[in-house]
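Asks: So here's model_0.cif, just mmCIF, N, CA and C atoms:
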```cif
data_upload
loop_
_atom_site.label_atom_id
_atom_site.label_comp_id
_atom_site.auth_asym_id
_atom_site.auth_seq_id
_atom_site.Cartn_x
_atom_site.Cartn_y
_atom_site.Cartn_z
N MET A 1 -162.71 58.70 93.34
CA MET A 1 -161.42 59.34 93.29
C MET A 1 -160.34 58.44 93.90
N GLU A 2 -160.71 57.71 94.93
CA GLU A 2 -159.74 56.82 95.56
C GLU A 2 -159.29 55.73 94.59
N LYS A 3 -160.24 55.24 93.80
CA LYS A 3 -159.91 54.21 92.82
C LYS A 3 -158.95 54.76 91.78
N LEU A 4 -159.20 55.98 91.34
CA LEU A 4 -158.33 56.61 90.34
C LEU A 4 -156.92 56.79 90.89
N SER A 5 -156.79 57.26 92.11
CA SER A 5 -155.46 57.44 92.68
C SER A 5 -154.76 56.11 92.89
N ARG A 6 -155.51 55.07 93.27
CA ARG A 6 -154.93 53.74 93.44
C ARG A 6 -154.42 53.20 92.10
N ILE A 7 -155.18 53.43 91.05
CA ILE A 7 -154.77 52.97 89.73
C ILE A 7 -153.54 53.73 89.25
N LEU A 8 -153.52 55.04 89.49
CA LEU A 8 -152.36 55.83 89.08
C LEU A 8 -151.11 55.43 89.85
N ARG A 9 -151.26 55.13 91.14
CA ARG A 9 -150.10 54.64 91.92
C ARG A 9 -149.61 53.31 91.38
N ALA A 10 -150.53 52.40 91.04
CA ALA A 10 -150.13 51.10 90.48
C ALA A 10 -149.43 51.29 89.14
N LEU A 11 -149.93 52.20 88.35
CA LEU A 11 -149.29 52.48 87.06
C LEU A 11 -147.89 53.04 87.26
N ALA A 12 -147.73 53.94 88.21
CA ALA A 12 -146.41 54.51 88.48
C ALA A 12 -145.45 53.44 89.00
N ARG A 13 -145.93 52.57 89.88
CA ARG A 13 -145.07 51.48 90.39
C ARG A 13 -144.65 50.55 89.28
N ALA A 14 -145.59 50.18 88.40
CA ALA A 14 -145.27 49.27 87.31
C ALA A 14 -144.24 49.90 86.37
N ASP A 15 -144.42 51.18 86.05
CA ASP A 15 -143.45 51.83 85.17
C ASP A 15 -142.09 51.95 85.84
N THR A 16 -142.06 52.18 87.15
CA THR A 16 -140.79 52.23 87.87
C THR A 16 -140.10 50.87 87.84
N LEU A 17 -140.86 49.80 88.05
CA LEU A 17 -140.29 48.46 87.97
C LEU A 17 -139.72 48.18 86.59
N ILE A 18 -140.46 48.53 85.56
CA ILE A 18 -140.00 48.28 84.20
C ILE A 18 -138.71 49.05 83.93
N ALA A 19 -138.66 50.31 84.34
CA ALA A 19 -137.45 51.11 84.13
C ALA A 19 -136.27 50.53 84.90
N THR A 20 -136.51 50.08 86.13
CA THR A 20 -135.44 49.50 86.93
C THR A 20 -134.91 48.23 86.29
N ILE A 21 -135.80 47.40 85.79
CA ILE A 21 -135.38 46.15 85.15
C ILE A 21 -134.54 46.44 83.91
N TRP A 22 -134.99 47.38 83.09
CA TRP A 22 -134.24 47.69 81.87
C TRP A 22 -132.90 48.35 82.20
N LEU A 23 -132.85 49.16 83.26
CA LEU A 23 -131.57 49.75 83.66
C LEU A 23 -130.60 48.68 84.16
N THR A 24 -131.12 47.66 84.84
CA THR A 24 -130.28 46.56 85.29
C THR A 24 -129.71 45.80 84.10
N VAL A 25 -130.57 45.54 83.11
CA VAL A 25 -130.10 44.84 81.91
C VAL A 25 -129.04 45.68 81.19
N ALA A 26 -129.29 46.99 81.08
CA ALA A 26 -128.33 47.86 80.41
C ALA A 26 -127.00 47.91 81.17
N ALA A 27 -127.07 47.89 82.50
CA ALA A 27 -125.84 47.90 83.29
C ALA A 27 -125.05 46.61 83.09
N LYS A 28 -125.75 45.47 83.06
CA LYS A 28 -125.05 44.20 82.84
C LYS A 28 -124.44 44.15 81.44
N ARG A 29 -125.22 44.59 80.46
CA ARG A 29 -124.68 44.61 79.10
C ARG A 29 -123.49 45.56 79.01
N GLY A 30 -123.62 46.71 79.64
CA GLY A 30 -122.52 47.67 79.63
C GLY A 30 -121.27 47.12 80.28
N GLY A 31 -121.46 46.37 81.36
CA GLY A 31 -120.31 45.75 82.01
C GLY A 31 -119.62 44.74 81.12
N LEU A 32 -120.41 43.94 80.42
CA LEU A 32 -119.81 42.96 79.51
C LEU A 32 -119.16 43.64 78.31
N ILE A 33 -119.75 44.71 77.83
CA ILE A 33 -119.14 45.44 76.72
C ILE A 33 -117.83 46.09 77.19
N GLY A 34 -117.83 46.60 78.41
CA GLY A 34 -116.60 47.16 78.98
C GLY A 34 -115.53 46.09 79.13
N LEU A 35 -115.95 44.89 79.53
CA LEU A 35 -115.01 43.78 79.64
C LEU A 35 -114.43 43.43 78.28
N ALA A 36 -115.29 43.44 77.25
CA ALA A 36 -114.81 43.17 75.89
C ALA A 36 -113.79 44.22 75.46
N ALA A 37 -114.05 45.47 75.80
CA ALA A 37 -113.12 46.54 75.45
C ALA A 37 -111.79 46.38 76.20
N LEU A 38 -111.89 45.97 77.45
CA LEU A 38 -110.66 45.75 78.23
C LEU A 38 -109.85 44.60 77.65
N ILE A 39 -110.53 43.53 77.28
CA ILE A 39 -109.83 42.39 76.67
C ILE A 39 -109.16 42.82 75.37
N ALA A 40 -109.87 43.60 74.57
CA ALA A 40 -109.28 44.07 73.31
C ALA A 40 -108.06 44.93 73.57
N THR A 41 -108.14 45.80 74.57
CA THR A 41 -107.01 46.68 74.88
C THR A 41 -105.82 45.89 75.40
N LEU A 42 -106.08 44.97 76.31
CA LEU A 42 -104.99 44.14 76.81
C LEU A 42 -104.41 43.26 75.71
N GLY A 43 -105.30 42.81 74.83
CA GLY A 43 -104.83 41.99 73.71
C GLY A 43 -103.90 42.76 72.81
N PHE A 44 -104.25 44.01 72.54
CA PHE A 44 -103.37 44.82 71.70
C PHE A 44 -102.06 45.13 72.42
N GLY A 45 -102.12 45.28 73.70
CA GLY A 45 -100.91 45.68 74.43
C GLY A 45 -99.96 44.56 74.76
N MET A 46 -100.51 43.45 75.22
CA MET A 46 -99.64 42.38 75.73
C MET A 46 -99.45 41.24 74.73
N LEU A 47 -100.56 40.66 74.30
CA LEU A 47 -100.45 39.49 73.43
C LEU A 47 -99.90 39.84 72.06
N ASN A 48 -100.19 41.03 71.59
CA ASN A 48 -99.67 41.41 70.28
C ASN A 48 -98.14 41.43 70.27
N ALA A 49 -97.60 42.00 71.30
CA ALA A 49 -96.13 42.07 71.36
C ALA A 49 -95.53 40.67 71.46
N ALA A 50 -96.09 39.84 72.34
CA ALA A 50 -95.55 38.49 72.51
C ALA A 50 -95.76 37.65 71.25
N GLY A 51 -96.96 37.73 70.69
CA GLY A 51 -97.22 36.95 69.48
C GLY A 51 -96.40 37.42 68.30
N TYR A 52 -96.24 38.69 68.20
CA TYR A 52 -95.45 39.23 67.11
C TYR A 52 -94.02 38.70 67.16
N PHE A 53 -93.43 38.76 68.35
CA PHE A 53 -92.05 38.30 68.47
C PHE A 53 -91.94 36.79 68.27
N ALA A 54 -93.00 36.04 68.57
CA ALA A 54 -92.96 34.59 68.37
C ALA A 54 -93.15 34.22 66.90
N LEU A 55 -94.00 34.94 66.19
CA LEU A 55 -94.31 34.59 64.80
C LEU A 55 -93.42 35.28 63.77
N GLU A 56 -92.80 36.36 64.13
CA GLU A 56 -92.03 37.14 63.17
C GLU A 56 -90.92 36.34 62.48
N PRO A 57 -90.18 35.50 63.18
CA PRO A 57 -89.13 34.75 62.47
C PRO A 57 -89.72 33.71 61.50
N ARG A 58 -90.93 33.20 61.76
CA ARG A 58 -91.50 32.13 60.93
C ARG A 58 -92.25 32.65 59.71
N ILE A 59 -93.09 33.69 59.88
CA ILE A 59 -93.95 34.12 58.78
C ILE A 59 -93.71 35.56 58.34
N GLY A 60 -92.81 36.21 58.93
CA GLY A 60 -92.51 37.59 58.55
C GLY A 60 -93.23 38.58 59.46
N SER A 61 -92.74 39.79 59.45
CA SER A 61 -93.25 40.78 60.39
C SER A 61 -94.69 41.21 60.07
N LEU A 62 -95.04 41.37 58.81
CA LEU A 62 -96.39 41.81 58.44
C LEU A 62 -97.44 40.77 58.80
N TRP A 63 -97.24 39.54 58.42
CA TRP A 63 -98.23 38.47 58.68
C TRP A 63 -98.31 38.14 60.17
N ALA A 64 -97.25 38.28 60.90
CA ALA A 64 -97.27 38.05 62.34
C ALA A 64 -98.17 39.07 63.03
N ALA A 65 -98.02 40.34 62.65
CA ALA A 65 -98.84 41.39 63.26
C ALA A 65 -100.32 41.21 62.90
N LEU A 66 -100.63 40.90 61.65
CA LEU A 66 -102.02 40.72 61.23
C LEU A 66 -102.68 39.51 61.90
N SER A 67 -101.97 38.42 62.04
CA SER A 67 -102.58 37.24 62.65
C SER A 67 -102.85 37.44 64.14
N ILE A 68 -101.97 38.11 64.84
CA ILE A 68 -102.18 38.38 66.27
C ILE A 68 -103.36 39.32 66.46
N ALA A 69 -103.46 40.35 65.64
CA ALA A 69 -104.59 41.30 65.74
C ALA A 69 -105.91 40.59 65.43
N ALA A 70 -105.93 39.68 64.46
CA ALA A 70 -107.15 38.95 64.11
C ALA A 70 -107.62 38.09 65.28
N VAL A 71 -106.70 37.45 65.97
CA VAL A 71 -107.07 36.62 67.13
C VAL A 71 -107.66 37.49 68.23
N ASP A 72 -107.09 38.65 68.46
CA ASP A 72 -107.62 39.56 69.49
C ASP A 72 -109.03 40.03 69.15
N PHE A 73 -109.27 40.33 67.88
CA PHE A 73 -110.60 40.76 67.49
C PHE A 73 -111.63 39.63 67.63
N VAL A 74 -111.23 38.43 67.39
CA VAL A 74 -112.15 37.29 67.54
C VAL A 74 -112.54 37.11 69.01
N VAL A 75 -111.58 37.22 69.90
CA VAL A 75 -111.89 37.10 71.33
C VAL A 75 -112.82 38.23 71.79
N ALA A 76 -112.55 39.44 71.36
CA ALA A 76 -113.42 40.57 71.72
C ALA A 76 -114.82 40.39 71.14
N ALA A 77 -114.94 39.86 69.94
CA ALA A 77 -116.26 39.63 69.33
C ALA A 77 -117.04 38.56 70.08
N ILE A 78 -116.36 37.56 70.60
CA ILE A 78 -117.04 36.51 71.38
C ILE A 78 -117.61 37.10 72.67
N VAL A 79 -116.86 37.91 73.35
CA VAL A 79 -117.35 38.54 74.58
C VAL A 79 -118.49 39.51 74.26
N LEU A 80 -118.37 40.25 73.18
CA LEU A 80 -119.42 41.17 72.77
C LEU A 80 -120.71 40.40 72.43
N ALA A 81 -120.59 39.28 71.78
CA ALA A 81 -121.76 38.45 71.47
C ALA A 81 -122.38 37.89 72.74
N ALA A 82 -121.58 37.59 73.73
CA ALA A 82 -122.11 37.08 74.99
C ALA A 82 -122.97 38.13 75.69
N SER A 83 -122.68 39.42 75.47
CA SER A 83 -123.47 40.47 76.11
C SER A 83 -124.89 40.52 75.55
N SER A 84 -125.10 40.04 74.35
CA SER A 84 -126.46 40.07 73.77
C SER A 84 -127.36 39.01 74.38
N PHE A 85 -126.81 38.06 75.11
CA PHE A 85 -127.63 37.02 75.74
C PHE A 85 -128.18 37.44 77.09
N VAL A 86 -127.79 38.61 77.57
CA VAL A 86 -128.33 39.11 78.84
C VAL A 86 -129.74 39.61 78.57
N ARG A 87 -130.72 39.00 79.20
CA ARG A 87 -132.13 39.34 79.01
C ARG A 87 -132.75 39.64 80.37
N PRO A 88 -133.84 40.41 80.35
CA PRO A 88 -134.55 40.64 81.61
C PRO A 88 -135.17 39.33 82.10
N ARG A 89 -135.31 39.24 83.40
CA ARG A 89 -135.88 38.03 83.97
C ARG A 89 -137.40 38.06 83.88
N ARG A 90 -138.02 37.10 84.51
CA ARG A 90 -139.48 36.99 84.45
C ARG A 90 -140.19 38.13 85.15
N ASP A 91 -139.51 38.87 86.02
CA ASP A 91 -140.16 39.96 86.71
C ASP A 91 -140.57 41.09 85.76
N LEU A 92 -139.93 41.18 84.60
CA LEU A 92 -140.36 42.16 83.62
C LEU A 92 -141.76 41.83 83.10
N ASP A 93 -142.04 40.54 82.90
CA ASP A 93 -143.37 40.15 82.44
C ASP A 93 -144.43 40.54 83.47
N LEU A 94 -144.13 40.34 84.75
CA LEU A 94 -145.07 40.71 85.81
C LEU A 94 -145.28 42.22 85.84
N ALA A 95 -144.20 42.98 85.73
CA ALA A 95 -144.32 44.44 85.74
C ALA A 95 -145.12 44.93 84.53
N LEU A 96 -144.90 44.33 83.37
CA LEU A 96 -145.68 44.71 82.18
C LEU A 96 -147.15 44.37 82.36
N GLU A 97 -147.43 43.24 82.98
CA GLU A 97 -148.82 42.85 83.24
C GLU A 97 -149.49 43.83 84.21
N LEU A 98 -148.78 44.23 85.26
CA LEU A 98 -149.32 45.21 86.20
C LEU A 98 -149.62 46.53 85.51
N ARG A 99 -148.69 46.98 84.67
CA ARG A 99 -148.91 48.24 83.96
C ARG A 99 -150.09 48.14 83.01
N ASP A 100 -150.18 47.03 82.28
CA ASP A 100 -151.30 46.86 81.34
C ASP A 100 -152.63 46.85 82.07
N ASN A 101 -152.66 46.21 83.24
CA ASN A 101 -153.89 46.17 84.04
C ASN A 101 -154.28 47.58 84.49
N ALA A 102 -153.31 48.35 84.95
CA ALA A 102 -153.60 49.72 85.39
C ALA A 102 -154.06 50.59 84.22
N VAL A 103 -153.47 50.40 83.06
CA VAL A 103 -153.88 51.18 81.88
C VAL A 103 -155.30 50.80 81.47
N GLU A 104 -155.65 49.52 81.55
CA GLU A 104 -157.02 49.10 81.23
C GLU A 104 -158.02 49.72 82.18
N GLN A 105 -157.69 49.76 83.47
CA GLN A 105 -158.59 50.35 84.44
C GLN A 105 -158.73 51.86 84.22
N LEU A 106 -157.63 52.52 83.87
CA LEU A 106 -157.71 53.94 83.55
C LEU A 106 -158.55 54.18 82.30
N ALA A 107 -158.42 53.30 81.33
CA ALA A 107 -159.23 53.43 80.11
C ALA A 107 -160.71 53.26 80.43
N ALA A 108 -161.02 52.35 81.35
CA ALA A 108 -162.43 52.16 81.73
C ALA A 108 -162.97 53.40 82.43
N ILE A 109 -162.16 54.02 83.26
CA ILE A 109 -162.59 55.25 83.94
C ILE A 109 -162.72 56.38 82.93
N ALA A 110 -161.77 56.47 82.02
CA ALA A 110 -161.80 57.54 81.02
C ALA A 110 -162.97 57.37 80.06
N ALA A 111 -163.41 56.13 79.85
CA ALA A 111 -164.54 55.90 78.96
C ALA A 111 -165.83 56.44 79.55
N ASN A 112 -165.91 56.52 80.88
CA ASN A 112 -167.12 57.02 81.53
C ASN A 112 -166.73 58.00 82.63
N PRO A 113 -166.25 59.18 82.28
CA PRO A 113 -165.81 60.13 83.31
C PRO A 113 -166.95 60.69 84.14
N LEU A 114 -168.17 60.70 83.59
CA LEU A 114 -169.31 61.23 84.36
C LEU A 114 -169.64 60.32 85.54
N ASP A 115 -169.39 59.04 85.38
CA ASP A 115 -169.65 58.11 86.48
C ASP A 115 -168.75 58.45 87.66
N LEU A 116 -167.46 58.66 87.40
CA LEU A 116 -166.52 59.00 88.47
C LEU A 116 -166.85 60.37 89.05
N ALA A 117 -167.10 61.34 88.20
CA ALA A 117 -167.42 62.69 88.69
C ALA A 117 -168.75 62.69 89.42
N GLY A 118 -169.70 61.92 88.92
CA GLY A 118 -171.01 61.85 89.57
C GLY A 118 -170.91 61.30 90.98
N ARG A 119 -170.13 60.24 91.15
CA ARG A 119 -169.96 59.67 92.49
C ARG A 119 -169.24 60.62 93.42
N ALA A 120 -168.28 61.35 92.89
CA ALA A 120 -167.50 62.28 93.72
C ALA A 120 -168.33 63.48 94.14
N LEU A 121 -169.26 63.89 93.30
CA LEU A 121 -170.05 65.09 93.59
C LEU A 121 -171.41 64.79 94.20
N LEU A 122 -171.84 63.55 94.16
CA LEU A 122 -173.18 63.21 94.61
C LEU A 122 -173.39 63.50 96.10
N ALA A 123 -172.47 63.09 96.94
CA ALA A 123 -172.64 63.28 98.38
C ALA A 123 -172.67 64.76 98.77
N PRO A 124 -171.72 65.59 98.32
CA PRO A 124 -171.79 67.01 98.70
C PRO A 124 -173.03 67.70 98.13
N LEU A 125 -173.40 67.35 96.92
CA LEU A 125 -174.57 67.97 96.30
C LEU A 125 -175.85 67.57 97.04
N THR A 126 -175.93 66.33 97.45
CA THR A 126 -177.09 65.87 98.22
C THR A 126 -177.17 66.62 99.55
N GLY A 127 -176.04 66.84 100.19
CA GLY A 127 -176.03 67.59 101.45
C GLY A 127 -176.49 69.02 101.28
N VAL A 128 -176.06 69.68 100.23
CA VAL A 128 -176.46 71.07 99.99
C VAL A 128 -177.95 71.15 99.72
N VAL A 129 -178.46 70.26 98.88
CA VAL A 129 -179.89 70.28 98.55
C VAL A 129 -180.73 69.98 99.79
N SER A 130 -180.33 69.01 100.60
CA SER A 130 -181.12 68.68 101.79
C SER A 130 -181.11 69.83 102.80
N ARG A 131 -179.98 70.53 102.96
CA ARG A 131 -179.95 71.69 103.86
C ARG A 131 -180.86 72.81 103.36
N TYR A 132 -180.85 73.00 102.06
CA TYR A 132 -181.72 74.04 101.49
C TYR A 132 -183.18 73.69 101.69
N LEU A 133 -183.52 72.43 101.47
CA LEU A 133 -184.91 72.02 101.65
C LEU A 133 -185.34 72.12 103.11
N ARG A 134 -184.44 71.77 104.03
CA ARG A 134 -184.76 71.87 105.45
C ARG A 134 -184.97 73.31 105.86
N SER A 135 -184.13 74.19 105.38
CA SER A 135 -184.28 75.60 105.75
C SER A 135 -185.54 76.19 105.14
N ALA A 136 -185.90 75.75 103.95
CA ALA A 136 -187.14 76.24 103.33
C ALA A 136 -188.35 75.73 104.09
N ALA A 137 -188.28 74.53 104.58
CA ALA A 137 -189.40 73.96 105.31
C ALA A 137 -189.51 74.55 106.71
N ALA A 138 -188.46 75.11 107.24
CA ALA A 138 -188.46 75.67 108.58
C ALA A 138 -189.11 77.05 108.62
N GLY A 139 -189.51 77.55 107.50
CA GLY A 139 -190.23 78.81 107.50
C GLY A 139 -189.37 80.01 107.18
N VAL A 140 -188.36 79.83 106.45
CA VAL A 140 -187.58 80.97 106.02
C VAL A 140 -188.45 81.77 105.07
N PRO A 141 -188.63 83.09 105.31
CA PRO A 141 -189.51 83.87 104.45
C PRO A 141 -188.99 83.90 103.02
N LYS A 142 -189.95 83.82 102.10
CA LYS A 142 -189.56 83.79 100.70
C LYS A 142 -189.29 85.19 100.20
N GLU A 143 -189.99 86.19 100.77
CA GLU A 143 -189.76 87.58 100.36
C GLU A 143 -189.32 88.35 101.59
N PRO A 144 -188.29 89.15 101.44
CA PRO A 144 -187.86 89.95 102.59
C PRO A 144 -188.87 91.08 102.86
N LYS A 145 -189.03 91.41 104.13
CA LYS A 145 -189.96 92.48 104.52
C LYS A 145 -189.34 93.83 104.14
N ALA A 146 -190.19 94.70 103.69
CA ALA A 146 -189.72 96.05 103.33
C ALA A 146 -189.49 96.85 104.60
N PRO A 147 -188.48 97.67 104.64
CA PRO A 147 -188.23 98.48 105.84
C PRO A 147 -189.29 99.59 105.97
N LYS A 148 -189.61 99.89 107.22
CA LYS A 148 -190.63 100.92 107.51
C LYS A 148 -190.05 102.28 107.22
N GLU A 149 -190.90 103.15 106.71
CA GLU A 149 -190.44 104.51 106.44
C GLU A 149 -190.67 105.38 107.66
N ARG A 150 -189.88 106.37 107.93
CA ARG A 150 -189.99 107.23 109.09
C ARG A 150 -190.61 108.50 108.76
#
```
Please lay out the structure from this file as structure tokens.

Replies:
Amino acid sequence: MEKLSRILRALARADTLIATIWLTVAAKRGGLIGLAALIATLGFGMLNAAGYFALEPRIGSLWAALSIAAVDFVVAAIVLAASSFVRPRRDLDLALELRDNAVEQLAAIAANPLDLAGRALLAPLTGVVSRYLRSAAAGVPKEPKAPKER
């Protein structure tokens, strides 16, 4: 039973590590995606106005607005693409290895549950049988005496 609880604790720790690592990756990606959104918003607010006023006399109002918006989208796409390069570190491989090891050990125990149950029950069962045999050998009557009639 101790081995089973140790394996289950190792499995729980490994799964906790894996979840923590993936949450860290998601938080980093989310931060970069948020940064991309902020850049896009600032681009629409600030650079669009300045670029529009700079390009409008040269290429017209429609083409000035479209070219400024296209540049903003390209910058936001570059930052968004950078977020896809955030990967878990090598500690994820270690956590996955720990979990796989614990699952293999659980599978070995599950393949032979009588072995685990037999070891857990062998000591108490041996104690009960030995006490019974000792009491039988000490002369405990096998048949109770009938009560005397009055």

Asks: Grab the atom C of Ala64 of chain A to atom CA of Gly43 of chain A distance for me, in Å with one decimal place.

Replies: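 Interatomic distance, atom C of Ala64 of chain A to atom CA of Gly43 of chain A: 12.9 Å.
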
Asks: Would you please work out which residue, of A:Val79, A:Ala14, A:Ile7, A:Leu66, is nearest to Asp93 of chain A when using only C-alpha atoms?

Replies: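 Checking each of A:Val79, A:Ala14, A:Ile7, A:Leu66 against Asp93 of chain A, counting only C-alpha atoms, the winner is A:Ala14.
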
Asks: Quick one: distance from atom N of Gly45 of chain A to atom CA of Leu62 of chain A in Å, one decimal?

Replies: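 If I compute the distance from atom N of Gly45 of chain A to atom CA of Leu62 of chain A, I get 16.7 Å.
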
Asks: Compute the distance from (-147.5, 54.6, 87.1) to each atom, counting only C-alpha atoms, keep the residues with any atom at most 12 Å away, and return them as a ChimeraX atom specification; use the coordinates of the file.

Replies: /A:4-19,95-96,98-103,106

Asks: Which value, in Å to one decimal, gives the distance between atom C of Leu32 of chain A and atom N of Ser84 of chain A?

Replies: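 Computing the Euclidean distance for atom C of Leu32 of chain A and atom N of Ser84 of chain A yields 8.0 Å.
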
Asks: Using all atoms listed in the file, find the one residue out of A:Thr126, A:Ile109, A:Pro88, A:Ile68 that sits nearest to Trp22 of chain A.

Replies: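 Among A:Thr126, A:Ile109, A:Pro88, A:Ile68, it is A:Pro88 that comes nearest to Trp22 of chain A.
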
Asks: Would you kindly return, as a VMD selection string, each protein, DNA or RNA residue with an atom no farther than 8 Å from any atom of Lys28 of chain A, considering only C-alpha atoms and excluding same-chain residues fewer than 3 positions away?

Replies: chain A and resid 24 to 25 31 to 32 83 86

Asks: Considering only C-alpha atoms, state which residue in the set A:Arg29, A:Ala49, A:Glu2, A:Ile21 is at the smallest distance from Phe85 of chain A.

Replies: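 Closest candidate: A:Arg29.
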